[in-house]
>>> print(open('entry17.txt').read())   # compact mmCIF, N, CA and C atoms
# COMPACT_ATOMS: atom_id res chain seq x y z
N MET L 1 2.13 -17.52 1.62
CA MET L 1 2.61 -17.12 0.31
C MET L 1 3.44 -18.25 -0.25
N THR L 2 3.13 -18.62 -1.46
CA THR L 2 3.89 -19.67 -2.12
C THR L 2 5.16 -19.09 -2.73
N ALA L 3 6.08 -19.99 -3.05
CA ALA L 3 7.33 -19.54 -3.68
C ALA L 3 7.03 -18.89 -5.02
N SER L 4 6.06 -19.44 -5.76
CA SER L 4 5.73 -18.84 -7.06
C SER L 4 5.07 -17.48 -6.87
N GLY L 5 4.31 -17.31 -5.79
CA GLY L 5 3.70 -16.02 -5.50
C GLY L 5 4.75 -14.97 -5.18
N LEU L 6 5.73 -15.35 -4.39
CA LEU L 6 6.84 -14.45 -4.07
C LEU L 6 7.61 -14.11 -5.34
N GLU L 7 7.84 -15.10 -6.18
CA GLU L 7 8.56 -14.88 -7.44
C GLU L 7 7.81 -13.89 -8.33
N GLN L 8 6.51 -14.08 -8.46
CA GLN L 8 5.71 -13.18 -9.30
C GLN L 8 5.72 -11.76 -8.76
N PHE L 9 5.54 -11.62 -7.45
CA PHE L 9 5.54 -10.29 -6.85
C PHE L 9 6.91 -9.64 -7.00
N ALA L 10 7.97 -10.38 -6.72
CA ALA L 10 9.32 -9.83 -6.81
C ALA L 10 9.64 -9.42 -8.24
N THR L 11 9.21 -10.21 -9.21
CA THR L 11 9.44 -9.86 -10.62
C THR L 11 8.71 -8.57 -10.97
N TRP L 12 7.46 -8.46 -10.53
CA TRP L 12 6.67 -7.25 -10.80
C TRP L 12 7.30 -6.02 -10.16
N ILE L 13 7.66 -6.13 -8.88
CA ILE L 13 8.19 -4.95 -8.18
C ILE L 13 9.59 -4.61 -8.69
N GLU L 14 10.36 -5.60 -9.06
CA GLU L 14 11.68 -5.37 -9.64
C GLU L 14 11.56 -4.51 -10.90
N ASP L 15 10.63 -4.87 -11.76
CA ASP L 15 10.40 -4.11 -12.99
C ASP L 15 9.94 -2.69 -12.65
N LEU L 16 9.06 -2.58 -11.70
CA LEU L 16 8.55 -1.27 -11.27
C LEU L 16 9.69 -0.40 -10.72
N ILE L 17 10.56 -0.98 -9.93
CA ILE L 17 11.69 -0.25 -9.35
C ILE L 17 12.59 0.27 -10.47
N ARG L 18 12.86 -0.56 -11.45
CA ARG L 18 13.70 -0.13 -12.58
C ARG L 18 13.02 1.01 -13.35
N ARG L 19 11.72 0.86 -13.62
CA ARG L 19 10.99 1.90 -14.36
C ARG L 19 10.99 3.23 -13.61
N ARG L 20 11.09 3.18 -12.29
CA ARG L 20 11.11 4.41 -11.50
C ARG L 20 12.53 5.00 -11.41
N GLY L 21 13.50 4.37 -12.09
CA GLY L 21 14.82 4.94 -12.19
C GLY L 21 15.84 4.50 -11.16
N TYR L 22 15.56 3.45 -10.44
CA TYR L 22 16.51 2.95 -9.45
C TYR L 22 17.41 1.90 -10.10
N ASP L 23 18.72 2.11 -10.02
CA ASP L 23 19.68 1.17 -10.60
C ASP L 23 19.92 0.04 -9.60
N ILE L 24 19.21 -1.05 -9.80
CA ILE L 24 19.33 -2.19 -8.88
C ILE L 24 20.14 -3.32 -9.49
N ASP L 25 20.67 -3.10 -10.69
CA ASP L 25 21.37 -4.17 -11.38
C ASP L 25 22.89 -4.12 -11.22
N SER L 26 23.46 -2.93 -11.17
CA SER L 26 24.92 -2.86 -11.03
C SER L 26 25.29 -2.83 -9.56
N PRO L 27 26.37 -3.50 -9.20
CA PRO L 27 26.77 -3.60 -7.79
C PRO L 27 26.99 -2.25 -7.11
N ARG L 28 27.43 -1.27 -7.88
CA ARG L 28 27.71 0.05 -7.30
C ARG L 28 26.71 1.10 -7.75
N GLY L 29 25.58 0.65 -8.28
CA GLY L 29 24.58 1.60 -8.77
C GLY L 29 23.89 2.37 -7.67
N GLY L 30 23.81 1.79 -6.49
CA GLY L 30 23.21 2.46 -5.35
C GLY L 30 21.70 2.49 -5.33
N GLY L 31 21.07 1.80 -6.27
CA GLY L 31 19.62 1.84 -6.36
C GLY L 31 18.91 1.26 -5.15
N LYS L 32 19.41 0.14 -4.64
CA LYS L 32 18.77 -0.47 -3.46
C LYS L 32 18.88 0.44 -2.25
N SER L 33 20.06 1.01 -2.07
CA SER L 33 20.26 1.91 -0.92
C SER L 33 19.42 3.16 -1.06
N ARG L 34 19.36 3.73 -2.26
CA ARG L 34 18.58 4.95 -2.48
C ARG L 34 17.09 4.67 -2.25
N LEU L 35 16.60 3.55 -2.78
CA LEU L 35 15.20 3.18 -2.58
C LEU L 35 14.91 3.00 -1.09
N ALA L 36 15.79 2.28 -0.41
CA ALA L 36 15.60 2.05 1.03
C ALA L 36 15.60 3.37 1.79
N ASP L 37 16.52 4.26 1.47
CA ASP L 37 16.58 5.57 2.14
C ASP L 37 15.32 6.38 1.89
N GLU L 38 14.88 6.44 0.64
CA GLU L 38 13.70 7.23 0.30
C GLU L 38 12.43 6.66 0.92
N ALA L 39 12.38 5.34 1.06
CA ALA L 39 11.21 4.70 1.66
C ALA L 39 11.29 4.65 3.18
N GLY L 40 12.48 4.89 3.71
CA GLY L 40 12.65 4.82 5.17
C GLY L 40 12.61 3.40 5.70
N VAL L 41 13.17 2.47 4.91
CA VAL L 41 13.20 1.07 5.32
C VAL L 41 14.65 0.58 5.29
N HIS L 42 14.88 -0.59 5.86
CA HIS L 42 16.22 -1.17 5.84
C HIS L 42 16.55 -1.69 4.45
N ARG L 43 17.78 -1.49 4.04
CA ARG L 43 18.23 -1.99 2.74
C ARG L 43 18.07 -3.51 2.67
N ALA L 44 18.25 -4.16 3.80
CA ALA L 44 18.13 -5.63 3.83
C ALA L 44 16.74 -6.09 3.40
N ALA L 45 15.71 -5.33 3.72
CA ALA L 45 14.35 -5.70 3.32
C ALA L 45 14.21 -5.67 1.80
N ILE L 46 14.84 -4.69 1.17
CA ILE L 46 14.82 -4.59 -0.29
C ILE L 46 15.61 -5.76 -0.89
N THR L 47 16.77 -6.02 -0.33
CA THR L 47 17.62 -7.11 -0.82
C THR L 47 16.91 -8.45 -0.69
N ARG L 48 16.30 -8.71 0.47
CA ARG L 48 15.60 -9.99 0.66
C ARG L 48 14.47 -10.18 -0.34
N LEU L 49 13.75 -9.09 -0.64
CA LEU L 49 12.67 -9.18 -1.62
C LEU L 49 13.23 -9.45 -3.01
N LEU L 50 14.23 -8.68 -3.41
CA LEU L 50 14.79 -8.84 -4.76
C LEU L 50 15.50 -10.18 -4.94
N GLN L 51 15.97 -10.78 -3.86
CA GLN L 51 16.59 -12.11 -3.93
C GLN L 51 15.57 -13.23 -3.72
N ARG L 52 14.29 -12.84 -3.65
CA ARG L 52 13.17 -13.80 -3.49
C ARG L 52 13.28 -14.61 -2.20
N GLN L 53 13.82 -13.97 -1.15
CA GLN L 53 13.95 -14.65 0.14
C GLN L 53 12.73 -14.42 1.03
N SER L 54 12.16 -13.21 0.99
CA SER L 54 11.00 -12.96 1.83
C SER L 54 10.20 -11.77 1.32
N MET L 55 8.94 -11.78 1.69
CA MET L 55 8.01 -10.72 1.37
C MET L 55 8.20 -9.60 2.39
N PRO L 56 8.13 -8.34 1.97
CA PRO L 56 8.25 -7.25 2.95
C PRO L 56 7.05 -7.23 3.90
N ASP L 57 7.27 -6.73 5.12
CA ASP L 57 6.15 -6.62 6.06
C ASP L 57 5.21 -5.52 5.59
N LEU L 58 4.09 -5.37 6.27
CA LEU L 58 3.05 -4.44 5.84
C LEU L 58 3.56 -2.99 5.81
N GLU L 59 4.28 -2.58 6.82
CA GLU L 59 4.78 -1.20 6.87
C GLU L 59 5.77 -0.95 5.74
N THR L 60 6.65 -1.89 5.46
CA THR L 60 7.60 -1.74 4.36
C THR L 60 6.85 -1.69 3.03
N THR L 61 5.83 -2.52 2.89
CA THR L 61 5.02 -2.52 1.67
C THR L 61 4.37 -1.16 1.48
N ARG L 62 3.82 -0.61 2.55
CA ARG L 62 3.16 0.71 2.48
C ARG L 62 4.16 1.79 2.07
N ARG L 63 5.33 1.76 2.66
CA ARG L 63 6.35 2.77 2.35
C ARG L 63 6.87 2.64 0.91
N LEU L 64 7.07 1.40 0.47
CA LEU L 64 7.51 1.18 -0.91
C LEU L 64 6.44 1.66 -1.90
N ALA L 65 5.20 1.38 -1.60
CA ALA L 65 4.11 1.82 -2.47
C ALA L 65 4.14 3.34 -2.64
N HIS L 66 4.35 4.04 -1.54
CA HIS L 66 4.39 5.50 -1.59
C HIS L 66 5.55 5.98 -2.46
N VAL L 67 6.74 5.46 -2.24
CA VAL L 67 7.92 5.89 -2.98
C VAL L 67 7.82 5.50 -4.46
N LEU L 68 7.26 4.34 -4.74
CA LEU L 68 7.17 3.86 -6.12
C LEU L 68 5.92 4.39 -6.82
N ASP L 69 5.13 5.18 -6.10
CA ASP L 69 3.94 5.82 -6.66
C ASP L 69 2.95 4.79 -7.22
N VAL L 70 2.66 3.82 -6.40
CA VAL L 70 1.69 2.79 -6.76
C VAL L 70 0.72 2.66 -5.58
N PRO L 71 -0.56 2.46 -5.83
CA PRO L 71 -1.51 2.34 -4.72
C PRO L 71 -1.16 1.16 -3.79
N VAL L 72 -1.30 1.38 -2.51
CA VAL L 72 -1.07 0.31 -1.54
C VAL L 72 -1.97 -0.89 -1.87
N ARG L 73 -3.18 -0.61 -2.32
CA ARG L 73 -4.11 -1.66 -2.71
C ARG L 73 -3.46 -2.60 -3.73
N ASP L 74 -2.83 -2.02 -4.75
CA ASP L 74 -2.19 -2.83 -5.79
C ASP L 74 -1.06 -3.68 -5.20
N MET L 75 -0.28 -3.07 -4.32
CA MET L 75 0.82 -3.81 -3.70
C MET L 75 0.30 -4.98 -2.88
N LEU L 76 -0.76 -4.76 -2.11
CA LEU L 76 -1.30 -5.82 -1.26
C LEU L 76 -1.90 -6.96 -2.09
N ILE L 77 -2.56 -6.60 -3.18
CA ILE L 77 -3.16 -7.62 -4.04
C ILE L 77 -2.06 -8.39 -4.78
N ARG L 78 -1.12 -7.68 -5.37
CA ARG L 78 -0.04 -8.34 -6.11
C ARG L 78 0.83 -9.19 -5.21
N SER L 79 0.95 -8.80 -3.93
CA SER L 79 1.77 -9.58 -3.00
C SER L 79 1.05 -10.85 -2.55
N GLY L 80 -0.24 -10.94 -2.83
CA GLY L 80 -1.00 -12.10 -2.44
C GLY L 80 -1.54 -12.03 -1.02
N ARG L 81 -1.30 -10.91 -0.34
CA ARG L 81 -1.79 -10.77 1.03
C ARG L 81 -3.31 -10.63 1.07
N LEU L 82 -3.85 -9.91 0.10
CA LEU L 82 -5.29 -9.70 0.01
C LEU L 82 -5.73 -9.90 -1.43
N THR L 83 -7.03 -10.05 -1.62
CA THR L 83 -7.57 -10.23 -2.96
C THR L 83 -8.35 -8.98 -3.36
N GLU L 84 -8.72 -8.91 -4.63
CA GLU L 84 -9.53 -7.79 -5.09
C GLU L 84 -10.88 -7.77 -4.37
N GLU L 85 -11.36 -8.93 -3.99
CA GLU L 85 -12.62 -8.99 -3.24
C GLU L 85 -12.45 -8.43 -1.83
N ASP L 86 -11.24 -8.60 -1.26
CA ASP L 86 -10.96 -8.05 0.06
C ASP L 86 -10.88 -6.53 0.02
N LEU L 87 -10.43 -5.99 -1.11
CA LEU L 87 -10.23 -4.55 -1.26
C LEU L 87 -10.95 -4.04 -2.51
N PRO L 88 -12.28 -4.06 -2.51
CA PRO L 88 -13.00 -3.63 -3.72
C PRO L 88 -12.80 -2.13 -3.96
N LEU L 89 -12.78 -1.78 -5.23
CA LEU L 89 -12.71 -0.37 -5.59
C LEU L 89 -14.08 0.27 -5.36
N PRO L 90 -14.10 1.55 -4.99
CA PRO L 90 -15.39 2.21 -4.84
C PRO L 90 -16.10 2.27 -6.18
N GLN L 91 -17.41 2.19 -6.14
CA GLN L 91 -18.18 2.26 -7.37
C GLN L 91 -18.10 3.66 -7.94
N SER L 92 -18.05 3.72 -9.27
CA SER L 92 -18.05 5.03 -9.92
C SER L 92 -19.46 5.58 -9.88
N PRO L 93 -19.62 6.90 -9.98
CA PRO L 93 -20.97 7.49 -9.95
C PRO L 93 -21.87 6.90 -11.03
N GLU L 94 -21.28 6.52 -12.20
CA GLU L 94 -22.10 5.95 -13.27
C GLU L 94 -22.72 4.62 -12.86
N SER L 95 -22.04 3.86 -12.02
CA SER L 95 -22.56 2.54 -11.63
C SER L 95 -23.33 2.61 -10.33
N GLY L 96 -23.53 3.78 -9.82
CA GLY L 96 -24.23 3.96 -8.54
C GLY L 96 -25.73 3.98 -8.70
N ALA L 97 -26.36 4.91 -8.01
CA ALA L 97 -27.82 4.96 -7.93
C ALA L 97 -28.48 5.27 -9.26
N GLY L 98 -27.74 5.86 -10.20
CA GLY L 98 -28.32 6.11 -11.50
C GLY L 98 -28.98 7.46 -11.62
N ASP L 99 -29.01 8.26 -10.56
CA ASP L 99 -29.64 9.57 -10.64
C ASP L 99 -28.65 10.67 -10.97
N GLY L 100 -27.39 10.29 -11.26
CA GLY L 100 -26.38 11.27 -11.62
C GLY L 100 -25.75 11.96 -10.44
N ALA L 101 -26.23 11.71 -9.24
CA ALA L 101 -25.66 12.34 -8.05
C ALA L 101 -24.33 11.68 -7.72
N GLU L 102 -23.37 12.45 -7.28
CA GLU L 102 -22.08 11.90 -6.90
C GLU L 102 -22.22 11.10 -5.62
N GLN L 103 -21.61 9.92 -5.60
CA GLN L 103 -21.67 9.08 -4.42
C GLN L 103 -20.76 9.64 -3.33
N ARG L 104 -21.23 9.56 -2.13
CA ARG L 104 -20.45 9.99 -0.98
C ARG L 104 -19.61 8.82 -0.52
N ARG L 105 -18.34 9.07 -0.19
CA ARG L 105 -17.47 8.02 0.32
C ARG L 105 -17.72 7.84 1.81
N LEU L 106 -17.48 6.64 2.26
CA LEU L 106 -17.61 6.36 3.69
C LEU L 106 -16.55 7.12 4.47
N THR L 107 -16.92 7.55 5.65
CA THR L 107 -15.91 8.08 6.56
C THR L 107 -15.22 6.88 7.20
N LEU L 108 -14.08 7.12 7.82
CA LEU L 108 -13.39 6.04 8.51
C LEU L 108 -14.24 5.49 9.65
N GLU L 109 -15.00 6.36 10.30
CA GLU L 109 -15.88 5.90 11.38
C GLU L 109 -16.97 4.97 10.84
N GLU L 110 -17.55 5.34 9.68
CA GLU L 110 -18.58 4.50 9.07
C GLU L 110 -17.99 3.16 8.63
N ALA L 111 -16.78 3.20 8.10
CA ALA L 111 -16.13 1.96 7.69
C ALA L 111 -15.87 1.06 8.90
N ALA L 112 -15.40 1.66 9.99
CA ALA L 112 -15.14 0.88 11.21
C ALA L 112 -16.43 0.23 11.70
N ALA L 113 -17.50 1.00 11.74
CA ALA L 113 -18.78 0.46 12.21
C ALA L 113 -19.27 -0.63 11.27
N GLY L 114 -19.16 -0.40 9.96
CA GLY L 114 -19.61 -1.38 8.98
C GLY L 114 -18.82 -2.67 9.01
N LEU L 115 -17.55 -2.57 9.39
CA LEU L 115 -16.71 -3.76 9.48
C LEU L 115 -16.82 -4.46 10.83
N GLY L 116 -17.57 -3.84 11.75
CA GLY L 116 -17.75 -4.46 13.06
C GLY L 116 -16.61 -4.24 14.03
N VAL L 117 -15.82 -3.20 13.82
CA VAL L 117 -14.73 -2.90 14.74
C VAL L 117 -15.35 -2.48 16.07
N PRO L 118 -14.97 -3.12 17.18
CA PRO L 118 -15.55 -2.77 18.48
C PRO L 118 -15.32 -1.29 18.79
N PRO L 119 -16.28 -0.63 19.41
CA PRO L 119 -16.16 0.81 19.70
C PRO L 119 -14.87 1.20 20.42
N ASP L 120 -14.41 0.35 21.33
CA ASP L 120 -13.19 0.70 22.07
C ASP L 120 -11.92 0.57 21.23
N GLN L 121 -12.03 0.01 20.02
CA GLN L 121 -10.87 -0.14 19.15
C GLN L 121 -10.97 0.73 17.89
N ARG L 122 -12.02 1.51 17.78
CA ARG L 122 -12.24 2.29 16.56
C ARG L 122 -11.22 3.40 16.38
N GLU L 123 -10.81 4.03 17.45
CA GLU L 123 -9.83 5.11 17.31
C GLU L 123 -8.54 4.56 16.71
N MET L 124 -8.10 3.41 17.19
CA MET L 124 -6.88 2.79 16.64
C MET L 124 -7.10 2.40 15.18
N PHE L 125 -8.26 1.84 14.86
CA PHE L 125 -8.58 1.48 13.48
C PHE L 125 -8.49 2.71 12.58
N ILE L 126 -9.07 3.81 13.02
CA ILE L 126 -9.09 5.04 12.23
C ILE L 126 -7.68 5.56 11.99
N ARG L 127 -6.85 5.51 13.01
CA ARG L 127 -5.47 5.97 12.85
C ARG L 127 -4.69 5.09 11.88
N VAL L 128 -4.85 3.79 12.00
CA VAL L 128 -4.12 2.87 11.12
C VAL L 128 -4.66 2.96 9.70
N ALA L 129 -5.97 2.89 9.54
CA ALA L 129 -6.57 2.93 8.20
C ALA L 129 -6.29 4.26 7.52
N GLY L 130 -6.24 5.33 8.26
CA GLY L 130 -5.96 6.65 7.70
C GLY L 130 -4.59 6.73 7.04
N GLN L 131 -3.65 5.89 7.47
CA GLN L 131 -2.31 5.88 6.89
C GLN L 131 -2.33 5.37 5.45
N PHE L 132 -3.38 4.63 5.08
CA PHE L 132 -3.44 4.04 3.75
C PHE L 132 -4.21 4.90 2.76
N LEU L 133 -4.76 6.01 3.22
CA LEU L 133 -5.48 6.90 2.33
C LEU L 133 -4.51 7.84 1.63
N PRO L 134 -4.84 8.28 0.42
CA PRO L 134 -3.99 9.27 -0.23
C PRO L 134 -3.90 10.52 0.65
N PRO L 135 -2.79 11.25 0.59
CA PRO L 135 -2.59 12.40 1.48
C PRO L 135 -3.75 13.40 1.48
N ALA L 136 -4.31 13.74 0.32
CA ALA L 136 -5.41 14.71 0.29
C ALA L 136 -6.64 14.16 1.00
N THR L 137 -6.93 12.88 0.83
CA THR L 137 -8.07 12.27 1.48
C THR L 137 -7.85 12.19 2.98
N ALA L 138 -6.64 11.84 3.38
CA ALA L 138 -6.32 11.73 4.81
C ALA L 138 -6.48 13.08 5.49
N ARG L 139 -6.06 14.16 4.82
CA ARG L 139 -6.20 15.49 5.42
C ARG L 139 -7.66 15.85 5.59
N ARG L 140 -8.47 15.54 4.57
CA ARG L 140 -9.90 15.85 4.67
C ARG L 140 -10.55 15.09 5.81
N ARG L 141 -10.07 13.89 6.05
CA ARG L 141 -10.72 13.04 7.04
C ARG L 141 -10.04 13.09 8.40
N ALA L 142 -8.91 13.76 8.49
CA ALA L 142 -8.17 13.80 9.75
C ALA L 142 -9.02 14.28 10.93
N PRO L 143 -9.88 15.29 10.77
CA PRO L 143 -10.67 15.74 11.93
C PRO L 143 -11.62 14.67 12.44
N LEU L 144 -11.90 13.64 11.64
CA LEU L 144 -12.83 12.61 12.07
C LEU L 144 -12.25 11.77 13.19
N ALA L 145 -10.94 11.60 13.19
CA ALA L 145 -10.30 10.84 14.26
C ALA L 145 -10.17 11.76 15.47
N GLN L 146 -10.75 11.33 16.55
CA GLN L 146 -10.74 12.17 17.75
C GLN L 146 -9.51 11.84 18.57
N ASP L 147 -8.62 12.82 18.66
CA ASP L 147 -7.37 12.61 19.41
C ASP L 147 -7.57 12.92 20.88
>>> encode(input="entry17.txt", output="structure tokens")
Amino acid sequence: MTASGLEQFATWIEDLIRRRGYDIDSPRGGGKSRLADEAGVHRAAITRLLQRQSMPDLETTRRLAHVLDVPVRDMLIRSGRLTEEDLPLPQSPESGAGDGAEQRRLTLEEAAAGLGVPPDQREMFIRVAGQFLPPATARRRAPLAQD
């Protein structure tokens, strides 16, 4: 990550944090602490990001995305960790087969197989990848992961 990439991401997330009602500008506003508490992350991680010192780790990014109500995909792309090509959006039914039938989404097992995840590592892949799905989708797909 370049310094300009960190600057761009920090500027974007700073604006997002303010729009979500966190007072991060006044010393006693408590916005950084409240955000950190709600996300379940260390306040220092928020401070380092807002001071353009470091990018949050993947777990912190995931938690911030949830609290700030922004897709993890957007956070990962804006942070420069991944590109839109790395995380393509699913095709809409209109751009699919053309017969008007709704497209079926891949299961986590199908995604693991398609990505070449070795069979002995698929259970771990499914558990980790399932954390990035919206709650309703994760619940629907939870039985697919064999515990």
>>> closest_atom_pairs(input="entry17.txt", of="range 42-66 of chain L", to="range 11-35 of chain L", cutoff="7 Å", atoms="only N, CA and C atoms", output="JSON lines")
{"residue": "L:Arg43", "atom": "CA", "partner": "L:Lys32", "partner_atom": "C", "distance": 5.6}
{"residue": "L:Ile46", "atom": "CA", "partner": "L:Lys32", "partner_atom": "CA", "distance": 6.5}
{"residue": "L:Thr47", "atom": "N", "partner": "L:Lys32", "partner_atom": "CA", "distance": 6.7}
{"residue": "L:Leu50", "atom": "CA", "partner": "L:Glu14", "partner_atom": "CA", "distance": 6.7}
>>> atom_distance(input="entry17.txt", atom1="atom C of Ala44 in chain L", atom2="CA of Thr83 in chain L")
25.5 Å
>>> atom_distance(input="entry17.txt", atom1="CA of Ile126 in chain L", atom2="atom N of Leu108 in chain L")
7.0 Å
>>> residues_around(input="entry17.txt", residues="Gln53 in chain L", least_positions_apart="5", cutoff="10 Å", atoms="only C-alpha atoms", output="PyMOL selection string")
chain L and resi 3+6-7+10+45+47-48
>>> atom_distance(input="entry17.txt", atom1="CA of Arg52 in chain L", atom2="atom C of Phe9 in chain L")
8.3 Å
>>> closest_residue(input="entry17.txt", among="L:Ala112, L:Val67, L:Leu49, L:Asp120", to="Ser79 in chain L", atoms="only C-alpha atoms")
L:Leu49
>>> build_atoms(input="entry17.txt", residues="range 72-80 of chain L", atoms="all heavy atoms", output="mmCIF file, in the coordinates of the input")
data_model
loop_
_atom_site.group_PDB
_atom_site.id
_atom_site.type_symbol
_atom_site.label_atom_id
_atom_site.label_comp_id
_atom_site.auth_asym_id
_atom_site.auth_seq_id
_atom_site.Cartn_x
_atom_site.Cartn_y
_atom_site.Cartn_z
ATOM 1 N N VAL L 72 -1.300 1.380 -2.510
ATOM 2 C CA VAL L 72 -1.070 0.310 -1.540
ATOM 3 C C VAL L 72 -1.970 -0.890 -1.870
ATOM 4 O O VAL L 72 -1.547 -2.033 -1.750
ATOM 5 C CB VAL L 72 -1.324 0.814 -0.094
ATOM 6 C CG1 VAL L 72 -1.212 -0.332 0.903
ATOM 7 C CG2 VAL L 72 -0.349 1.919 0.256
ATOM 8 N N ARG L 73 -3.180 -0.610 -2.320
ATOM 9 C CA ARG L 73 -4.110 -1.660 -2.710
ATOM 10 C C ARG L 73 -3.460 -2.600 -3.730
ATOM 11 O O ARG L 73 -3.513 -3.820 -3.599
ATOM 12 C CB ARG L 73 -5.378 -1.048 -3.290
ATOM 13 C CG ARG L 73 -6.384 -2.052 -3.798
ATOM 14 C CD ARG L 73 -7.561 -1.339 -4.491
ATOM 15 N NE ARG L 73 -8.598 -2.289 -4.825
ATOM 16 C CZ ARG L 73 -8.598 -3.013 -5.949
ATOM 17 N NH1 ARG L 73 -7.628 -2.886 -6.825
ATOM 18 N NH2 ARG L 73 -9.580 -3.875 -6.177
ATOM 19 N N ASP L 74 -2.830 -2.020 -4.750
ATOM 20 C CA ASP L 74 -2.190 -2.830 -5.790
ATOM 21 C C ASP L 74 -1.060 -3.680 -5.200
ATOM 22 O O ASP L 74 -0.892 -4.843 -5.555
ATOM 23 C CB ASP L 74 -1.641 -1.958 -6.906
ATOM 24 C CG ASP L 74 -2.738 -1.315 -7.743
ATOM 25 O OD1 ASP L 74 -3.931 -1.598 -7.507
ATOM 26 O OD2 ASP L 74 -2.395 -0.518 -8.632
ATOM 27 N N MET L 75 -0.280 -3.070 -4.320
ATOM 28 C CA MET L 75 0.820 -3.810 -3.700
ATOM 29 C C MET L 75 0.300 -4.980 -2.880
ATOM 30 O O MET L 75 0.846 -6.079 -2.944
ATOM 31 C CB MET L 75 1.644 -2.884 -2.795
ATOM 32 C CG MET L 75 2.412 -1.803 -3.526
ATOM 33 S SD MET L 75 3.943 -2.368 -4.241
ATOM 34 C CE MET L 75 4.993 -2.327 -2.812
ATOM 35 N N LEU L 76 -0.760 -4.760 -2.110
ATOM 36 C CA LEU L 76 -1.300 -5.820 -1.260
ATOM 37 C C LEU L 76 -1.900 -6.960 -2.090
ATOM 38 O O LEU L 76 -1.739 -8.131 -1.764
ATOM 39 C CB LEU L 76 -2.338 -5.252 -0.297
ATOM 40 C CG LEU L 76 -1.792 -4.310 0.764
ATOM 41 C CD1 LEU L 76 -2.924 -3.678 1.550
ATOM 42 C CD2 LEU L 76 -0.828 -5.032 1.692
ATOM 43 N N ILE L 77 -2.560 -6.600 -3.180
ATOM 44 C CA ILE L 77 -3.160 -7.620 -4.040
ATOM 45 C C ILE L 77 -2.060 -8.390 -4.780
ATOM 46 O O ILE L 77 -2.059 -9.622 -4.799
ATOM 47 C CB ILE L 77 -4.168 -6.996 -5.016
ATOM 48 C CG1 ILE L 77 -5.400 -6.509 -4.229
ATOM 49 C CG2 ILE L 77 -4.573 -7.987 -6.104
ATOM 50 C CD1 ILE L 77 -6.356 -5.655 -5.033
ATOM 51 N N ARG L 78 -1.120 -7.680 -5.370
ATOM 52 C CA ARG L 78 -0.040 -8.340 -6.110
ATOM 53 C C ARG L 78 0.830 -9.190 -5.210
ATOM 54 O O ARG L 78 1.393 -10.192 -5.639
ATOM 55 C CB ARG L 78 0.804 -7.324 -6.855
ATOM 56 C CG ARG L 78 0.069 -6.748 -8.046
ATOM 57 C CD ARG L 78 1.082 -6.171 -8.986
ATOM 58 N NE ARG L 78 0.463 -5.700 -10.195
ATOM 59 C CZ ARG L 78 0.572 -6.317 -11.365
ATOM 60 N NH1 ARG L 78 1.248 -7.433 -11.460
ATOM 61 N NH2 ARG L 78 0.013 -5.812 -12.431
ATOM 62 N N SER L 79 0.950 -8.800 -3.930
ATOM 63 C CA SER L 79 1.770 -9.580 -3.000
ATOM 64 C C SER L 79 1.050 -10.850 -2.550
ATOM 65 O O SER L 79 1.670 -11.726 -1.955
ATOM 66 C CB SER L 79 2.121 -8.747 -1.766
ATOM 67 O OG SER L 79 0.981 -8.562 -0.949
ATOM 68 N N GLY L 80 -0.240 -10.940 -2.830
ATOM 69 C CA GLY L 80 -1.000 -12.100 -2.440
ATOM 70 C C GLY L 80 -1.540 -12.030 -1.020
ATOM 71 O O GLY L 80 -2.177 -12.960 -0.540
#
